[in-house]
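Here is the file my_file.cif (mmCIF, C-alpha atoms).
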```cif
data_my_file
loop_
_atom_site.label_atom_id
_atom_site.label_comp_id
_atom_site.auth_asym_id
_atom_site.auth_seq_id
_atom_site.Cartn_x
_atom_site.Cartn_y
_atom_site.Cartn_z
CA MET J 1 123.75 106.66 116.19
CA LEU J 2 124.28 104.19 119.01
CA ARG J 3 124.23 105.54 122.55
CA PRO J 4 125.87 104.03 125.64
CA ILE J 5 123.48 101.45 127.09
CA PRO J 6 122.17 102.51 130.52
CA GLU J 7 121.03 100.13 133.24
CA VAL J 8 117.56 101.71 133.51
CA MET J 9 115.24 103.28 130.93
CA THR J 10 112.08 105.37 131.13
CA VAL J 11 109.22 103.84 129.12
CA PRO J 12 105.52 104.55 128.51
CA ASN J 13 103.10 102.93 130.94
CA PHE J 14 99.65 102.22 129.50
CA GLU J 15 97.51 102.56 132.61
CA GLY J 16 94.11 102.17 130.95
CA GLY J 17 91.33 104.67 130.57
CA GLY J 18 93.23 106.38 127.78
CA ILE J 19 96.06 107.44 130.10
CA ILE J 20 99.76 106.93 129.37
CA SER J 21 102.28 107.77 132.08
CA PHE J 22 105.97 106.88 132.32
CA HIS J 23 107.87 104.56 134.59
CA GLU J 24 111.29 102.99 134.81
CA LYS J 25 112.33 99.52 133.71
CA ASP J 26 115.66 97.77 133.72
CA VAL J 27 117.30 97.59 130.32
CA PRO J 28 117.38 93.87 129.46
CA VAL J 29 120.60 92.05 128.68
CA PRO J 30 120.47 89.82 125.57
CA GLY J 31 120.91 86.12 126.18
CA PRO J 32 121.77 83.38 123.68
CA GLY J 33 120.15 84.04 120.32
CA GLN J 34 118.87 87.45 121.36
CA LEU J 35 119.40 91.03 120.20
CA LEU J 36 118.93 94.26 122.13
CA LEU J 37 117.62 96.99 119.84
CA GLN J 38 117.95 100.69 120.40
CA VAL J 39 114.50 101.63 119.13
CA GLY J 40 114.37 104.46 116.61
CA ALA J 41 110.70 104.41 115.65
CA ASN J 42 107.49 102.54 116.35
CA ALA J 43 104.19 103.08 114.54
CA LEU J 44 100.79 103.17 116.21
CA CYS J 45 98.17 100.59 115.25
CA GLY J 46 94.42 100.29 115.70
CA SER J 47 94.95 96.94 117.41
CA GLU J 48 96.43 98.89 120.35
CA ARG J 49 93.05 100.43 121.13
CA GLY J 50 92.50 97.84 123.86
CA GLN J 51 95.86 98.59 125.45
CA PHE J 52 95.22 102.34 125.36
CA TYR J 53 91.79 102.10 126.96
CA ASP J 54 92.13 98.93 129.07
CA GLY J 55 95.80 99.10 130.02
CA SER J 56 98.74 96.80 129.40
CA GLU J 57 101.08 94.87 131.67
CA VAL J 58 103.83 95.06 129.05
CA THR J 59 105.24 97.96 127.05
CA PRO J 60 103.22 97.99 123.80
CA GLY J 61 104.55 98.58 120.30
CA HIS J 62 104.61 95.95 117.55
CA GLU J 63 105.78 98.00 114.56
CA GLY J 64 109.27 98.78 115.73
CA ALA J 65 112.55 99.49 113.98
CA GLY J 66 115.95 100.46 115.27
CA ILE J 67 119.62 99.57 115.56
CA VAL J 68 121.21 96.51 117.19
CA ALA J 69 122.80 97.87 120.37
CA ALA J 70 124.01 94.54 121.78
CA ALA J 71 124.02 90.94 120.63
CA GLY J 72 123.89 87.84 122.79
CA PRO J 73 125.86 84.62 122.35
CA SER J 74 125.18 82.47 119.26
CA THR J 75 124.04 85.41 117.13
CA SER J 76 125.42 86.56 113.78
CA THR J 77 123.87 90.03 113.44
CA PRO J 78 126.50 92.73 114.01
CA VAL J 79 126.07 95.52 116.52
CA GLY J 80 125.02 98.66 114.64
CA ALA J 81 122.85 96.83 112.09
CA PRO J 82 119.57 98.67 111.35
CA GLY J 83 116.36 96.74 110.92
CA ALA J 84 112.72 96.10 111.74
CA VAL J 85 111.02 93.62 114.08
CA PHE J 86 108.61 90.93 112.86
CA LEU J 87 105.70 90.82 115.32
CA MET J 88 105.46 87.07 115.85
CA ASP J 89 108.30 85.14 117.46
CA PHE J 90 107.94 82.03 115.33
CA CYS J 91 109.60 78.75 116.24
CA GLY J 92 111.08 78.03 112.80
CA GLU J 93 110.61 74.29 113.23
CA CYS J 94 106.90 73.45 113.11
CA ARG J 95 104.93 72.30 110.07
CA SER J 96 103.83 75.85 109.21
CA CYS J 97 107.27 77.40 109.63
CA ALA J 98 108.87 74.69 107.51
CA LEU J 99 106.66 75.83 104.62
CA GLY J 100 107.37 79.51 105.27
CA PHE J 101 104.03 80.28 106.94
CA THR J 102 105.62 81.95 109.95
CA ASN J 103 102.43 83.93 110.59
CA GLN J 104 100.73 80.60 111.30
CA CYS J 105 103.44 79.15 113.58
CA LEU J 106 102.11 76.28 115.67
CA ALA J 107 104.50 76.96 118.55
CA LYS J 108 104.67 80.75 118.58
CA ARG J 109 106.74 82.01 121.50
CA ALA J 110 105.61 85.64 121.72
CA ASP J 111 103.81 88.55 120.13
CA TYR J 112 106.08 91.55 120.63
CA GLY J 113 104.23 94.46 122.18
CA PHE J 114 101.29 92.32 123.28
CA ASN J 115 102.61 89.72 125.70
CA VAL J 116 106.26 90.77 125.90
CA ASP J 117 107.71 94.29 125.89
CA GLY J 118 107.59 96.00 122.52
CA GLY J 119 108.90 98.98 120.64
CA PHE J 120 107.54 101.99 122.53
CA GLY J 121 110.39 101.50 124.98
CA VAL J 122 113.88 102.92 124.51
CA TYR J 123 115.26 99.41 124.05
CA GLU J 124 113.56 96.22 122.88
CA LEU J 125 114.80 92.68 123.44
CA VAL J 126 114.02 90.28 120.58
CA ASN J 127 115.06 86.88 119.35
CA GLU J 128 117.37 87.21 116.36
CA ASN J 129 115.05 85.26 114.04
CA VAL J 130 112.47 88.08 114.03
CA PHE J 131 114.96 90.84 113.19
CA PHE J 132 115.08 91.88 109.54
CA ALA J 133 118.07 93.98 108.47
CA VAL J 134 117.52 96.96 106.16
CA ASP J 135 119.73 99.34 104.18
CA SER J 136 122.12 101.46 106.23
CA ASP J 137 120.69 104.66 104.75
CA MET J 138 117.10 103.77 105.60
CA THR J 139 115.64 105.58 108.60
CA PRO J 140 113.81 103.65 111.34
CA THR J 141 110.58 105.48 110.43
CA GLU J 142 110.91 104.35 106.83
CA ALA J 143 111.64 100.80 107.98
CA THR J 144 108.37 100.64 109.96
CA LEU J 145 106.52 100.70 106.62
CA LEU J 146 107.74 97.14 106.00
CA LEU J 147 105.53 95.85 108.81
CA ASP J 148 101.78 96.45 109.04
CA ILE J 149 101.60 98.84 106.08
CA MET J 150 103.46 96.80 103.47
CA GLY J 151 103.69 93.38 105.08
CA THR J 152 100.08 92.88 106.13
CA ASN J 153 98.67 94.28 102.90
CA GLY J 154 101.14 92.70 100.53
CA HIS J 155 100.24 89.38 102.13
CA GLY J 156 96.55 90.13 101.64
CA LEU J 157 97.09 90.72 97.93
CA ARG J 158 99.18 87.57 97.61
CA ARG J 159 96.35 85.66 99.27
CA ALA J 160 93.85 87.13 96.81
CA ARG J 161 96.01 86.07 93.86
CA LEU J 162 95.80 82.45 94.99
CA VAL J 163 92.14 82.64 93.96
CA ARG J 164 92.05 85.38 91.32
CA LYS J 165 95.18 85.81 89.23
CA ASP J 166 93.67 88.32 86.79
CA ILE J 167 92.73 91.16 89.15
CA GLU J 168 91.84 94.17 87.01
CA SER J 169 89.92 96.21 89.60
CA ALA J 170 89.61 96.31 93.36
CA VAL J 171 87.88 97.94 96.30
CA VAL J 172 89.27 98.55 99.78
CA THR J 173 86.79 99.05 102.62
CA GLY J 174 88.25 101.36 105.25
CA ALA J 175 90.83 104.09 104.62
CA GLY J 176 92.64 103.92 107.92
CA PRO J 177 96.38 103.16 107.87
CA ILE J 178 95.81 99.54 106.88
CA GLY J 179 93.35 100.51 104.15
CA LEU J 180 95.75 103.15 102.84
CA GLY J 181 98.48 100.52 102.92
CA MET J 182 96.27 98.13 100.97
CA LEU J 183 95.65 100.82 98.36
CA ALA J 184 99.38 101.47 98.14
CA MET J 185 100.36 97.81 97.80
CA LEU J 186 97.73 97.23 95.12
CA LYS J 187 99.27 100.08 93.14
CA VAL J 188 102.88 99.08 93.83
CA MET J 189 102.42 95.37 93.15
CA SER J 190 99.81 95.48 90.38
CA GLY J 191 100.52 98.74 88.60
CA PHE J 192 99.45 102.32 89.20
CA ASP J 193 96.80 102.11 86.46
CA LEU J 194 94.79 99.56 88.46
CA PRO J 195 91.48 101.18 89.46
CA VAL J 196 91.08 100.91 93.24
CA ALA J 197 88.00 102.28 94.99
CA ILE J 198 88.38 102.97 98.71
CA THR J 199 85.72 103.73 101.30
CA ASP J 200 85.57 105.59 104.59
CA VAL J 201 83.58 108.24 106.45
CA VAL J 202 86.55 110.46 107.40
CA PRO J 203 87.22 113.18 104.79
CA PHE J 204 90.89 113.54 105.80
CA ARG J 205 91.61 109.90 105.01
CA LEU J 206 89.60 109.89 101.79
CA GLU J 207 91.46 112.98 100.57
CA LEU J 208 94.78 111.28 101.30
CA ALA J 209 93.59 108.14 99.50
CA GLU J 210 92.67 110.21 96.47
CA ARG J 211 96.12 111.84 96.41
CA MET J 212 97.55 108.31 96.41
CA GLY J 213 95.53 107.34 93.35
CA GLY J 214 92.46 105.83 94.99
CA LEU J 215 88.86 106.38 93.95
CA PRO J 216 87.22 107.69 97.14
CA VAL J 217 83.75 106.68 98.28
CA ASN J 218 82.36 108.36 101.39
CA VAL J 219 79.90 105.74 102.63
CA ALA J 220 78.37 108.29 104.98
CA ASP J 221 76.96 109.96 101.86
CA GLU J 222 76.46 107.12 99.37
CA SER J 223 76.47 103.35 99.13
CA LEU J 224 79.47 101.45 97.89
CA ALA J 225 77.53 100.41 94.79
CA ALA J 226 76.66 104.04 94.01
CA GLY J 227 80.24 105.13 94.60
CA LEU J 228 81.59 102.47 92.26
CA LYS J 229 79.10 103.49 89.58
CA ARG J 230 80.16 107.12 89.95
CA HIS J 231 83.75 106.04 89.29
CA GLY J 232 82.76 103.99 86.23
CA LEU J 233 82.85 100.60 87.95
CA VAL J 234 79.95 98.16 88.17
CA GLU J 235 81.81 95.36 89.92
CA VAL J 236 85.36 94.53 90.99
CA ASP J 237 87.54 91.45 90.87
CA ALA J 238 88.88 91.71 94.42
CA ALA J 239 87.74 93.34 97.64
CA PHE J 240 89.84 93.87 100.74
CA ASP J 241 88.10 94.62 104.01
CA THR J 242 90.31 96.47 106.48
CA SER J 243 87.44 97.95 108.49
CA GLY J 244 86.38 94.82 110.34
CA ARG J 245 82.73 95.83 109.91
CA GLY J 246 80.16 93.24 108.87
CA SER J 247 78.17 95.73 106.81
CA ALA J 248 81.30 96.74 104.87
CA ARG J 249 82.14 93.12 104.15
CA ARG J 250 78.60 92.49 102.93
CA GLU J 251 78.67 95.47 100.58
CA ALA J 252 82.07 94.41 99.29
CA LEU J 253 80.87 90.87 98.61
CA ASP J 254 77.85 92.21 96.74
CA CYS J 255 80.05 94.19 94.34
CA LEU J 256 82.29 91.26 93.41
CA SER J 257 82.39 89.90 89.89
CA GLN J 258 82.23 86.21 89.02
CA ARG J 259 85.35 84.48 90.37
CA GLY J 260 85.84 87.47 92.65
CA VAL J 261 87.56 87.23 96.01
CA LEU J 262 86.90 89.00 99.30
CA VAL J 263 89.92 89.14 101.61
CA CYS J 264 89.13 89.85 105.27
CA ILE J 265 92.11 91.63 106.85
CA GLY J 266 90.54 93.72 109.61
CA HIS J 267 89.52 91.88 112.76
CA GLY J 268 86.07 92.63 114.14
CA GLN J 269 82.54 91.70 113.16
CA GLY J 270 81.24 88.79 111.09
CA LEU J 271 79.76 88.29 107.65
CA GLU J 272 76.35 86.92 106.76
CA LEU J 273 76.06 85.21 103.39
CA THR J 274 73.89 82.79 101.47
CA THR J 275 76.04 80.03 100.10
CA SER J 276 74.54 79.37 96.68
CA PRO J 277 74.05 82.90 95.27
CA ASP J 278 77.01 84.43 97.11
CA LEU J 279 79.62 81.71 96.61
CA ILE J 280 78.70 78.65 94.58
CA GLY J 281 76.98 80.17 91.54
CA PRO J 282 79.50 82.96 90.85
CA GLU J 283 82.43 80.92 92.21
CA ARG J 284 83.44 83.68 94.58
CA ALA J 285 85.73 83.12 97.54
CA VAL J 286 85.98 84.65 101.00
CA ILE J 287 89.36 84.22 102.66
CA GLY J 288 91.18 85.52 105.71
CA SER J 289 94.61 87.11 105.84
CA GLU J 290 96.59 87.40 109.07
CA TYR J 291 99.71 89.62 109.26
CA PHE J 292 102.34 88.27 106.82
CA CYS J 293 105.17 85.78 106.39
CA TYR J 294 108.73 86.69 107.34
CA ASN J 295 109.97 85.49 103.94
CA GLU J 296 107.93 88.23 102.22
CA LEU J 297 110.14 90.94 103.72
CA PRO J 298 112.94 90.86 101.10
CA SER J 299 110.59 91.51 98.17
CA ASN J 300 108.77 94.19 100.15
CA LEU J 301 112.10 95.86 100.89
CA ASN J 302 112.66 96.09 97.14
CA TYR J 303 109.23 97.69 96.73
CA LEU J 304 110.09 100.17 99.49
CA ARG J 305 113.37 101.10 97.80
CA GLU J 306 111.55 101.72 94.51
CA HIS J 307 108.50 103.55 95.89
CA LYS J 308 109.64 105.12 99.15
CA ASP J 309 108.28 108.61 98.48
CA TYR J 310 104.89 107.25 97.47
CA LEU J 311 104.62 104.96 100.50
CA MET J 312 105.81 107.61 102.95
CA GLN J 313 102.66 109.62 102.21
CA ILE J 314 100.82 107.22 104.52
CA ILE J 315 102.81 108.51 107.52
CA THR J 316 101.15 111.82 108.35
CA HIS J 317 102.29 112.41 111.95
CA ARG J 318 105.67 111.87 113.64
CA LEU J 319 105.95 112.65 117.35
CA PRO J 320 108.55 112.08 120.08
CA VAL J 321 107.87 109.49 122.75
CA SER J 322 107.31 112.32 125.24
CA ASP J 323 104.15 113.14 123.23
CA ILE J 324 102.85 109.57 123.03
CA GLN J 325 99.67 110.50 124.91
CA ARG J 326 98.81 113.13 122.31
CA ALA J 327 99.81 110.75 119.52
CA PHE J 328 97.25 108.15 120.60
CA GLU J 329 94.55 110.75 121.11
CA LEU J 330 95.12 112.12 117.61
CA PHE J 331 95.24 108.66 116.10
CA PHE J 332 91.95 107.48 117.57
CA LYS J 333 90.16 110.67 116.54
CA GLY J 334 90.72 109.52 112.96
CA ASP J 335 92.14 112.58 111.22
CA THR J 336 95.52 110.95 110.59
CA GLY J 337 97.18 108.42 108.39
CA LYS J 338 99.91 106.40 110.08
CA VAL J 339 101.29 107.94 113.26
CA VAL J 340 104.87 107.13 114.27
CA ILE J 341 106.64 107.61 117.59
CA GLU J 342 110.29 108.49 117.07
CA GLN J 343 112.92 108.07 119.77
#
```
Mind turning this structure into structure tokens?
Amino acid sequence: MLRPIPEVMTVPNFEGGGIISFHEKDVPVPGPGQLLLQVGANALCGSERGQFYDGSEVTPGHEGAGIVAAAGPSTSTPVGAPGAVFLMDFCGECRSCALGFTNQCLAKRADYGFNVDGGFGVYELVNENVFFAVDSDMTPTEATLLLDIMGTNGHGLRRARLVRKDIESAVVTGAGPIGLGMLAMLKVMSGFDLPVAITDVVPFRLELAERMGGLPVNVADESLAAGLKRHGLVEVDAAFDTSGRGSARREALDCLSQRGVLVCIGHGQGLELTTSPDLIGPERAVIGSEYFCYNELPSNLNYLREHKDYLMQIITHRLPVSDIQRAFELFFKGDTGKVVIEQ
């Protein structure tokens, strides 16, 4: 429900050192082509670790969803429309955008929550082109799933299919929220019978992955190869690294079949390989996958409509913005799935 728009709002202030206080900011007024959103929910992300521990000059939050509270001139989105915010403010005109690769915009104007104020505030000002409208009966928390959980991982699978169309088995390294999202999108997009092994060292996350149909491998206790063998797999057609760890990428590459593909989704460390035996001989591929394309949102919305209950399992904690300090502390301890701040 829309509230009267105040002149000033109280928002989280990421001071650094793992401390979040609150301070006041003016509520922005939308200009031409802009929308002011009354934020309903914003999910936490591992990429905010730096902001939590090092501080941030802007209000973080890049997985936001809410309701249009005000619309500036030259916009067509009605006040009251619910929707989610695409992280990257793409230009819509460059070579990449013309082909639909909005995640690779050559003249990107902003990254919401990183260099302009994001969704942990009460209101968020965005350009209309990054707003994606959702069903009127969809909650803001549900809508956040369209972003890093479904968007980033659906894009990773689409990237893998460019190389390997006949994926009949997969492994996901890392069972954090992105890894759980990758597991979910593999099941949703490829069929729930697809065997998907998933690794981690946190029992809570591996137990959740198993409830979602994954084949858990605790790499604190066994190697990936041993875990795959235990689950009846010798090799897999596709591997998706969400951990960002070089050792995890190396193990994933080693378990790939001929024509297999390793998709690197998690930022972090590197990967050492030997070209001939790792790539040329077996015709394997190693590719990167960054966020997702805006034009993938409509199909992902259909997946969310069809599999909402399944996907909502990934969200394990929902806290009010007044508890954002505790939310981040819980999240970085690891015994959570996705954590969402609700306004």
Assuming the chain letters and numbering stay as they are in my file, what does the PyMOL selection byres ((chain J and resi 275-292) around 6) actually select? List them as an MDAnalysis selection string. chainID J and resid 103 151:152 155:156 258:265 274 293
Expand the PyMOL selection byres ((chain J and resi 206) around 10) into the explicit residue set it covers here, and present it as a PDB file with C-alpha atoms, in the coordinates of the input.
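Once everything was written out, this is expr_25.pdb:
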```
ATOM      1  CA  GLY J 174      88.250 101.360 105.250  1.00  0.00           C
ATOM      2  CA  ALA J 175      90.830 104.090 104.620  1.00  0.00           C
ATOM      3  CA  GLY J 176      92.640 103.920 107.920  1.00  0.00           C
ATOM      4  CA  LEU J 180      95.750 103.150 102.840  1.00  0.00           C
ATOM      5  CA  ILE J 198      88.380 102.970  98.710  1.00  0.00           C
ATOM      6  CA  THR J 199      85.720 103.730 101.300  1.00  0.00           C
ATOM      7  CA  ASP J 200      85.570 105.590 104.590  1.00  0.00           C
ATOM      8  CA  VAL J 201      83.580 108.240 106.450  1.00  0.00           C
ATOM      9  CA  VAL J 202      86.550 110.460 107.400  1.00  0.00           C
ATOM     10  CA  PRO J 203      87.220 113.180 104.790  1.00  0.00           C
ATOM     11  CA  PHE J 204      90.890 113.540 105.800  1.00  0.00           C
ATOM     12  CA  ARG J 205      91.610 109.900 105.010  1.00  0.00           C
ATOM     13  CA  GLU J 207      91.460 112.980 100.570  1.00  0.00           C
ATOM     14  CA  LEU J 208      94.780 111.280 101.300  1.00  0.00           C
ATOM     15  CA  ALA J 209      93.590 108.140  99.500  1.00  0.00           C
ATOM     16  CA  GLU J 210      92.670 110.210  96.470  1.00  0.00           C
ATOM     17  CA  ARG J 211      96.120 111.840  96.410  1.00  0.00           C
ATOM     18  CA  MET J 212      97.550 108.310  96.410  1.00  0.00           C
ATOM     19  CA  GLY J 214      92.460 105.830  94.990  1.00  0.00           C
ATOM     20  CA  LEU J 215      88.860 106.380  93.950  1.00  0.00           C
ATOM     21  CA  PRO J 216      87.220 107.690  97.140  1.00  0.00           C
ATOM     22  CA  VAL J 217      83.750 106.680  98.280  1.00  0.00           C
ATOM     23  CA  ASN J 218      82.360 108.360 101.390  1.00  0.00           C
TER      24      ASN J 218
END
```
Nearest to J:Pro73, restricted to only C-alpha atoms and choosing among J:Asp54, J:Ala110, J:Pro30, J:Cys105, comes out as J:Pro30
Residues near J:Val29, cut-off 8 Å, all atoms listed in the file, skip fewer than 4 positions along chain, as a list in words: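 In the requested format, the answer is Leu36, Gly72 and Leu125 of chain J.
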Which residues match the PyMOL selection byres ((chain J and resi 9-12) around 9) in the file above, as a count of residues only? 22
My list of candidates is J:Cys91, J:Ala70, J:Ala238, J:Leu319. Which is closest to J:Ala160 when distances are computed with only C-alpha atoms?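 Ranked by minimum distance to J:Ala160, first place goes to J:Ala238.
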For J:Gly61, the nearest of the candidates J:Leu87, J:Met189, J:Leu183, J:Val196, counting all atoms listed in the file: J:Leu87
